[in-house]
Amino acid sequence: MKIVVLVKHVPDAQFDRHLNGAGNTVDRDESILSELDEYALEAALQLAEARGGSKAGNQVIALSMGPSGAVNAVKKALQMGATEGVHVTDDALAGSDAAATSLALAAAVRHLGGVDLVLTGMASTDGETSLVPAQLAERLGLPQVTFASTLEVDGGRLTARRDADTSSETVEAPLPAIVSVTDQINEPRYPNFKGIIAAKRKSITTLSLADIGVDPAQVGFAGSWTSVASAEQRPPRTAGTIITDEGDAGIKLVDFLAAQKLL
Amino acid sequence: MAKVLVFIDNPGASLKKSSLELLTLARSLGGSTVGLNGDLSDGVAATFAEYGVDSILHPSAQDLDDFLVAPKAAYVAAAAEASGAAIVLLDNSPEGKEIAARVGIRLNAGVITDVVAVDGDGTAHKSVLAGSYSTACKATTPVSVLTLKANNVIPEPAPAPTTPETVTVDVPAVAAAARITAREQKVASGRPDLTDARIVVAGGRGMDGDFGPVEELADALGAAVGASRAATDAGWISHDAQVGQTGKTVSPQLYISAGISGAIQQKAGMQTSQVIVAVNKDAESPVFEIADFGIIGDVFDVLPQAAAEIKKRKG
Ligand SMILES: Cc1cc2nc3c(=O)[nH]c(=O)nc-3n(C[C@H](O)[C@H](O)[C@H](O)COP(=O)(O)OP(=O)(O)OC[C@H]3O[C@@H](n4cnc5c(N)ncnc54)[C@H](O)[C@@H]3O)c2cc1C
């Protein structure tokens with residue numbers, strides 16, 4: 001099987017995150033592989049391993065689009081066990097919104113050719129929109145399962161479960177297909193020493209827009225269909241009153257709610 | 001004034017509050033057309049009239065619910081074209097956002113999610129990076145697709161009711177979509193919907209397997225029940241109660257956090273709540289950094305006492 005996993009290089013949410021510059025784009029210093037993409041990668045590795053791994057011709061390709069630093073997300077994926085890496089990078093991509101990102105990623109997936117499955121996380125941890133997987137599916141005309149909490153592939157079909165608010169669903173689709181997975185699907189592995197050493201020998205292909213046949217005018221600020229006019233940092237929430245329970249904190253809580261007119 | 005298409009999916013016997021919010025916003029931006037999927041009950045038809053809907057579109061195909069979103073998106077895009085809408089409004093549920101994503105590609109339209117307000121010129125307001133920035137953004141395309149977060153518009157009927165016409169829209173064939181082969185309905189709790197609720201009481205690992213005190217306080221307040229991932233992973237409460245980065249984002253008037261430490265992924269889902277109350281026995285818990293009212297105490301003492309006191313005061 002040829003599985004492509006989308007991996008995004010995102011600012012670490014453990015630190016303060018910032019918007020920068022005229023386009024109000026996310027500052028990508030202190031970035032890491034989006035932790036939600038690790039679940040997609042783990043799912044891909046498990047599917048490949050169940051089929052005899054890379055020796056049996058199974059490929060797990062970690063694909064990232066982004067500035068030079070984004071190659072770190074690909075490297076981490078290789079350390080975890082992806083067989084190869086692809087980094088789509090081009091100055092013209094800066095400022096791409098979901099539509100422009102999905103356009104470039106769709107072109108990259110087509111360029112790779114013969115892909116059986118595209119796996120993604122449920123959302124990026126920076127933009128948090130969940131738009132890209134669905135837009136990629138629409139652009140590639142592939143069936144898609146979103147928010148999968150289980151995933152099985154048997155022959156040319158996949159079966160997954162997804163949890164909606166009022167129901168749980170079992171869904172099926174023929175391959176090739178696109179699946180976004182939730183953090184319920186598995187427990188991502190940590191790269192071990194062997195994996196880190198092995199990753200050094202794996203190849204990372206760098207692709208420009210010209211390589212994947214995308215017109216620079218269709219991506220970046222120019223090709224995006226949305227623009228951010230202004231961004232204001234909200235004052236961080238500050239702590240209010242803190243009391244220690246002396247046997248009547250429940251009553252004091254109700255007094256507080258009453259004073260706030262919340263009862 | 002812009003023409004606005006509001007997508008409403010399977011409303012059942014009555015419209016949800018979030019749907020009323022969509023209709024109210026749509027009317028404030030221009031004329032509203034509803035793109036409906038599923039049956040139109042008398043009650044819902046009456047509400048559409050009351051909320052000033054000009055026309056109600058139905059899909060030509062009956063089987064949209066058998067597939068994952070692709071055919072629904074094809075229908076919504078066709079409905080937007082048929083109605084000449086400049087703005088397409090959907091709810092901000094995972095499915096709403098996903099349909100929006102695909103409609104955007106079909107209509108070459110910019111998509112903005114998590115919208116909390118829309119100006120007359122179509123500028124949308126939203127907060128990003130877990131509530132740390134407020135931004136104003138706009139689609140640069142002739143049509144824009146927006147998903148509106150619940151609880152940001154006050155539902156208001158039109159000054160004068162309308163008599164909406166009904167029109168059928170042809171649903172274009174979709175290349176390939178995943179088919180839903182089984183669906184298990186979940187049992188309704190009878191409590192308010194978590195994302196729409198005015199008050200949320202959420203419990204974490206500190207509840208130690210017993211959500212009784214959380215539920216009791218929630219019921220005294222007429223609140224929805226939420227949870228941290230630790231509590232849902234432990235199986236103490238269903239996964240759809242999870243609030244946070246990979247659960248639901250809520251911004252109620254009041255969020256009561258009980259036995260939750262306040263990890264960054266949990267905060268991401270609740271820190272835009274208007275008032276935050278935290279009960280935790282560890283004074284060092286990060287949740288106290290953002291709580292308006294914090295109680296260092298045991299949830300099994302504080303919650304039942306508060307619930308009893310509320311019941312007493314409400315008589
Ligand atoms: C990719 C990813 C996504 C995630 N998404 C989410 C998400 O969407 N939502 C989410 O919540 N988490 C999420 N998490 C998990 C998150 O990091 C925390 O692990 C989780 O929120 C911890 O839950 P908790 O606060 O209930 O448990 P803990 O961190 O164990 O905290 C329990 C708290 O209860 C207090 N306590 C214990 N007993 C009592 C008592 N009797 N009375 C009062 N206080 C008591 C303790 O002092 C402690 O502060 C995610 C993690 C990852 C890696």
# chains A, B, ... in the order shown; residues from 1 in each chain; ligands from 1
call {"tool": "residues_around", "arguments": {"residues": "region 208-221 of chain B", "least_positions_apart": "6", "cutoff": "7 Å", "atoms": "only C-alpha atoms", "output": "MDAnalysis selection string"}}
result
(chainID A and resid 263) or (chainID B and resid 201:202 236 300 303:304 307 310:311)
call {"tool": "write_last_selection", "arguments": {"atoms": "N, CA, C and O atoms", "output": "tab-separated table (two decimals), in the first residue's frame"}}
result
chain	number	residue	atom	x	y	z
A	263	LEU	N	-27.90	32.75	38.45
A	263	LEU	CA	-28.77	31.68	38.97
A	263	LEU	C	-30.09	31.64	38.23
A	263	LEU	O	-30.62	32.67	37.87
B	201	VAL	N	-21.37	22.55	33.40
B	201	VAL	CA	-20.63	22.04	34.55
B	201	VAL	C	-19.80	20.87	34.03
B	201	VAL	O	-20.35	19.91	33.49
B	202	ALA	N	-18.47	20.99	34.15
B	202	ALA	CA	-17.59	19.97	33.59
B	202	ALA	C	-16.79	19.29	34.69
B	202	ALA	O	-16.30	19.94	35.60
B	236	TRP	N	-15.93	7.32	32.13
B	236	TRP	CA	-16.90	7.73	33.16
B	236	TRP	C	-18.08	8.44	32.53
B	236	TRP	O	-19.14	8.56	33.12
B	300	PHE	N	-16.25	16.63	46.13
B	300	PHE	CA	-17.32	15.84	46.76
B	300	PHE	C	-17.94	16.56	47.96
B	300	PHE	O	-18.99	16.17	48.43
B	303	LEU	N	-19.48	20.53	45.50
B	303	LEU	CA	-20.55	20.42	44.51
B	303	LEU	C	-21.91	20.07	45.14
B	303	LEU	O	-22.89	20.77	44.87
B	304	PRO	N	-21.98	19.02	45.98
B	304	PRO	CA	-23.29	18.71	46.58
B	304	PRO	C	-23.83	19.86	47.43
B	304	PRO	O	-25.03	20.13	47.42
B	307	ALA	N	-25.23	22.44	45.07
B	307	ALA	CA	-26.47	21.99	44.45
B	307	ALA	C	-27.63	22.09	45.44
B	307	ALA	O	-28.72	22.58	45.09
B	310	ILE	N	-28.62	25.77	45.92
B	310	ILE	CA	-29.38	26.32	44.78
B	310	ILE	C	-30.84	25.86	44.86
B	310	ILE	O	-31.77	26.65	44.70
B	311	LYS	N	-31.01	24.56	45.15
B	311	LYS	CA	-32.38	24.03	45.24
B	311	LYS	C	-33.14	24.74	46.35
B	311	LYS	O	-34.31	25.08	46.20
call {"tool": "residues_around", "arguments": {"residues": "Leu148 (chain B)", "least_positions_apart": "5", "cutoff": "8 Å", "atoms": "only C-alpha atoms", "output": "JSON, numbers by chain"}}
result
{"B": [22, 89, 90, 91, 92, 113, 114, 115, 116, 117]}
call {"tool": "residues_near_ligand", "arguments": {"ligand": "ligand 1", "cutoff": "7 Å", "atoms": "only C-alpha atoms and all ligand atoms", "output": "VMD selection string"}}
result
(chain A and resid 35 to 36 183) or (chain B and resid 203 to 208 227 to 231 242 to 248 258 to 266 269 279 to 282 285 297 to 300)
call {"tool": "select_by_dssp", "arguments": {"residues": "region 75-191 of chain A", "states": "alpha helix (DSSP H)", "output": "count of residues only"}}
result
31
call {"tool": "atom_distance", "arguments": {"atom1": "CA of Lys17 (chain B)", "atom2": "CA of Arg234 (chain A)"}}
result
27.9 Å
call {"tool": "residues_around", "arguments": {"residues": "region 209-214 of chain A", "least_positions_apart": "2", "cutoff": "12 Å", "atoms": "only C-alpha atoms", "output": "PyMOL selection string"}}
result
chain A and resi 65-66+86-93+100-113+205-207+216-220+223
call {"tool": "closest_residue", "arguments": {"among": "A:Ala56, A:Val74, A:Ile196, A:Leu19", "to": "chain B", "atoms": "only C-alpha atoms"}}
result
A:Leu19
call {"tool": "residues_around", "arguments": {"residues": "region 143-156 of chain A", "least_positions_apart": "5", "cutoff": "6 Å", "atoms": "only C-alpha atoms", "output": "list in words"}}
result
Met122, Arg161, Arg162, Pro174, Leu175, Ala177, Ile178, Val179, Ser180, Val181, Thr182, Gln184 and Ile185 of chain A; Ala176, Ala177 and Ala178 of chain B
call {"tool": "write_last_selection", "arguments": {"atoms": "all heavy atoms", "output": "JSON list (two decimals), in the first residue's frame"}}
result
[["chain", "number", "residue", "atom", "x", "y", "z"],
["A", 122, "MET", "N", -7.25, 15.29, 12.61],
["A", 122, "MET", "CA", -8.62, 15.81, 12.57],
["A", 122, "MET", "C", -8.66, 17.32, 12.36],
["A", 122, "MET", "O", -9.65, 17.87, 11.89],
["A", 122, "MET", "CB", -9.37, 15.44, 13.85],
["A", 122, "MET", "CG", -8.75, 15.99, 15.12],
["A", 122, "MET", "SD", -9.57, 15.37, 16.60],
["A", 122, "MET", "CE", -10.99, 16.47, 16.71],
["A", 161, "ARG", "N", -15.17, 3.92, 11.98],
["A", 161, "ARG", "CA", -16.27, 4.38, 12.83],
["A", 161, "ARG", "C", -16.05, 5.85, 13.14],
["A", 161, "ARG", "O", -14.92, 6.32, 13.24],
["A", 161, "ARG", "CB", -16.29, 3.61, 14.15],
["A", 161, "ARG", "CG", -17.01, 2.29, 14.05],
["A", 161, "ARG", "CD", -16.94, 1.60, 15.40],
["A", 161, "ARG", "NE", -17.77, 2.27, 16.38],
["A", 161, "ARG", "CZ", -19.08, 2.03, 16.53],
["A", 161, "ARG", "NH1", -19.67, 1.13, 15.78],
["A", 161, "ARG", "NH2", -19.78, 2.66, 17.45],
["A", 162, "ARG", "N", -17.12, 6.58, 13.26],
["A", 162, "ARG", "CA", -17.02, 7.98, 13.68],
["A", 162, "ARG", "C", -18.15, 8.28, 14.64],
["A", 162, "ARG", "O", -19.24, 7.74, 14.55],
["A", 162, "ARG", "CB", -17.00, 8.93, 12.49],
["A", 162, "ARG", "CG", -18.00, 8.53, 11.46],
["A", 162, "ARG", "CD", -18.50, 9.54, 10.50],
["A", 162, "ARG", "NE", -17.75, 10.72, 10.22],
["A", 162, "ARG", "CZ", -18.33, 11.90, 9.99],
["A", 162, "ARG", "NH1", -19.65, 12.03, 10.07],
["A", 162, "ARG", "NH2", -17.61, 12.94, 9.69],
["A", 174, "PRO", "N", -14.48, 2.79, -0.91],
["A", 174, "PRO", "CA", -13.46, 2.11, -1.71],
["A", 174, "PRO", "C", -12.17, 2.93, -1.68],
["A", 174, "PRO", "O", -12.21, 4.14, -1.48],
["A", 174, "PRO", "CB", -14.06, 2.11, -3.11],
["A", 174, "PRO", "CG", -14.96, 3.32, -3.14],
["A", 174, "PRO", "CD", -15.48, 3.50, -1.75],
["A", 175, "LEU", "N", -11.03, 2.28, -1.86],
["A", 175, "LEU", "CA", -9.76, 3.00, -2.00],
["A", 175, "LEU", "C", -9.61, 3.38, -3.48],
["A", 175, "LEU", "O", -10.15, 2.69, -4.33],
["A", 175, "LEU", "CB", -8.60, 2.11, -1.58],
["A", 175, "LEU", "CG", -8.60, 1.62, -0.13],
["A", 175, "LEU", "CD1", -7.31, 0.84, 0.13],
["A", 175, "LEU", "CD2", -8.72, 2.75, 0.85],
["A", 177, "ALA", "N", -8.76, 6.65, -0.98],
["A", 177, "ALA", "CA", -9.64, 7.48, -0.17],
["A", 177, "ALA", "C", -8.81, 8.36, 0.76],
["A", 177, "ALA", "O", -7.60, 8.17, 0.89],
["A", 177, "ALA", "CB", -10.56, 6.58, 0.66],
["A", 178, "ILE", "N", -9.50, 9.29, 1.38],
["A", 178, "ILE", "CA", -8.87, 10.20, 2.34],
["A", 178, "ILE", "C", -9.55, 10.01, 3.69],
["A", 178, "ILE", "O", -10.78, 9.96, 3.75],
["A", 178, "ILE", "CB", -9.03, 11.67, 1.89],
["A", 178, "ILE", "CG1", -8.31, 11.86, 0.55],
["A", 178, "ILE", "CG2", -8.51, 12.64, 2.94],
["A", 178, "ILE", "CD1", -8.34, 13.27, 0.04],
["A", 179, "VAL", "N", -8.76, 9.89, 4.74],
["A", 179, "VAL", "CA", -9.33, 9.68, 6.07],
["A", 179, "VAL", "C", -8.68, 10.65, 7.06],
["A", 179, "VAL", "O", -7.45, 10.73, 7.13],
["A", 179, "VAL", "CB", -9.10, 8.23, 6.57],
["A", 179, "VAL", "CG1", -9.69, 8.04, 7.95],
["A", 179, "VAL", "CG2", -9.71, 7.22, 5.59],
["A", 180, "SER", "N", -9.49, 11.38, 7.80],
["A", 180, "SER", "CA", -8.92, 12.14, 8.92],
["A", 180, "SER", "C", -9.27, 11.41, 10.20],
["A", 180, "SER", "O", -10.38, 10.90, 10.35],
["A", 180, "SER", "CB", -9.42, 13.59, 8.94],
["A", 180, "SER", "OG", -10.74, 13.68, 9.41],
["A", 181, "VAL", "N", -8.30, 11.30, 11.10],
["A", 181, "VAL", "CA", -8.49, 10.48, 12.30],
["A", 181, "VAL", "C", -8.48, 11.35, 13.56],
["A", 181, "VAL", "O", -7.84, 12.39, 13.60],
["A", 181, "VAL", "CB", -7.41, 9.38, 12.43],
["A", 181, "VAL", "CG1", -7.34, 8.54, 11.17],
["A", 181, "VAL", "CG2", -6.04, 9.99, 12.73],
["A", 182, "THR", "N", -9.19, 10.90, 14.59],
["A", 182, "THR", "CA", -9.23, 11.64, 15.85],
["A", 182, "THR", "C", -8.13, 11.13, 16.79],
["A", 182, "THR", "O", -7.44, 10.15, 16.48],
["A", 182, "THR", "CB", -10.57, 11.48, 16.58],
["A", 182, "THR", "OG1", -10.63, 10.15, 17.09],
["A", 182, "THR", "CG2", -11.75, 11.73, 15.66],
["A", 184, "GLN", "N", -8.71, 9.54, 19.30],
["A", 184, "GLN", "CA", -9.21, 8.32, 19.96],
["A", 184, "GLN", "C", -8.68, 7.07, 19.27],
["A", 184, "GLN", "O", -8.84, 5.97, 19.77],
["A", 184, "GLN", "CB", -10.75, 8.29, 19.88],
["A", 184, "GLN", "CG", -11.44, 9.50, 20.46],
["A", 184, "GLN", "CD", -11.33, 9.52, 21.96],
["A", 184, "GLN", "OE1", -11.69, 8.56, 22.61],
["A", 184, "GLN", "NE2", -10.78, 10.59, 22.50],
["A", 185, "ILE", "N", -8.12, 7.23, 18.09],
["A", 185, "ILE", "CA", -7.86, 6.05, 17.25],
["A", 185, "ILE", "C", -6.71, 5.17, 17.74],
["A", 185, "ILE", "O", -6.74, 3.96, 17.57],
["A", 185, "ILE", "CB", -7.64, 6.47, 15.77],
["A", 185, "ILE", "CG1", -7.71, 5.25, 14.85],
["A", 185, "ILE", "CG2", -6.34, 7.23, 15.58],
["A", 185, "ILE", "CD1", -7.87, 5.57, 13.39],
["B", 176, "ALA", "N", -17.51, 10.34, -5.74],
["B", 176, "ALA", "CA", -17.35, 9.22, -4.81],
["B", 176, "ALA", "C", -17.54, 9.75, -3.41],
["B", 176, "ALA", "O", -17.06, 10.82, -3.07],
["B", 176, "ALA", "CB", -15.95, 8.63, -4.92],
["B", 177, "ALA", "N", -18.26, 8.98, -2.60],
["B", 177, "ALA", "CA", -18.45, 9.39, -1.21],
["B", 177, "ALA", "C", -18.47, 8.15, -0.35],
["B", 177, "ALA", "O", -18.84, 7.06, -0.81],
["B", 177, "ALA", "CB", -19.74, 10.17, -1.05],
["B", 178, "ALA", "N", -18.06, 8.31, 0.91],
["B", 178, "ALA", "CA", -18.11, 7.19, 1.84],
["B", 178, "ALA", "C", -19.57, 6.95, 2.22],
["B", 178, "ALA", "O", -20.32, 7.89, 2.46],
["B", 178, "ALA", "CB", -17.27, 7.51, 3.07]]
call {"tool": "residues_around", "arguments": {"residues": "Leu257 (chain A)", "least_positions_apart": "3", "cutoff": "10 Å", "atoms": "only C-alpha atoms", "output": "JSON, numbers by chain"}}
result
{"A": [251, 252, 253, 254, 260, 261, 262, 263], "B": [254, 275, 277, 293, 310]}
call {"tool": "closest_residue", "arguments": {"among": "A:Pro188, A:Gly57, A:Pro176, A:Ala99", "to": "Leu131 (chain A)", "atoms": "only C-alpha atoms"}}
result
A:Ala99
call {"tool": "residues_around", "arguments": {"residues": "Ala164 (chain A)", "least_positions_apart": "3", "cutoff": "10 Å", "atoms": "only C-alpha atoms", "output": "list in words"}}
result
Phe147, Arg161, Ser167, Ser168 and Glu169 of chain A; Ser93, Pro94, Glu95, Arg183, Glu184, Gln185, Lys186, His239 and Asp240 of chain B
call {"tool": "select_by_dssp", "arguments": {"residues": "region 13-144 of chain A", "states": "strand (DSSP E)", "output": "PyMOL selection string"}}
result
chain A and resi 19-20+25-26+31-33+59-65+84-88+117-121+144
call {"tool": "residues_around", "arguments": {"residues": "Asn58 (chain A)", "least_positions_apart": "5", "cutoff": "7 Å", "atoms": "only C-alpha atoms", "output": "VMD selection string"}}
result
chain A and resid 1 to 2 48 53
call {"tool": "atom_distance", "arguments": {"atom1": "CA of Ala182 (chain B)", "atom2": "CA of Thr120 (chain A)"}}
result
23.5 Å
call {"tool": "closest_residue", "arguments": {"among": "A:Ser203, A:Asn192, A:Asn24, A:Ser68", "to": "chain B", "atoms": "only C-alpha atoms"}}
result
A:Asn24
call {"tool": "closest_residue", "arguments": {"among": "A:Ser130, A:Gln79, A:Ser31, A:Ser208", "to": "chain B", "atoms": "only C-alpha atoms"}}
result
A:Ser130
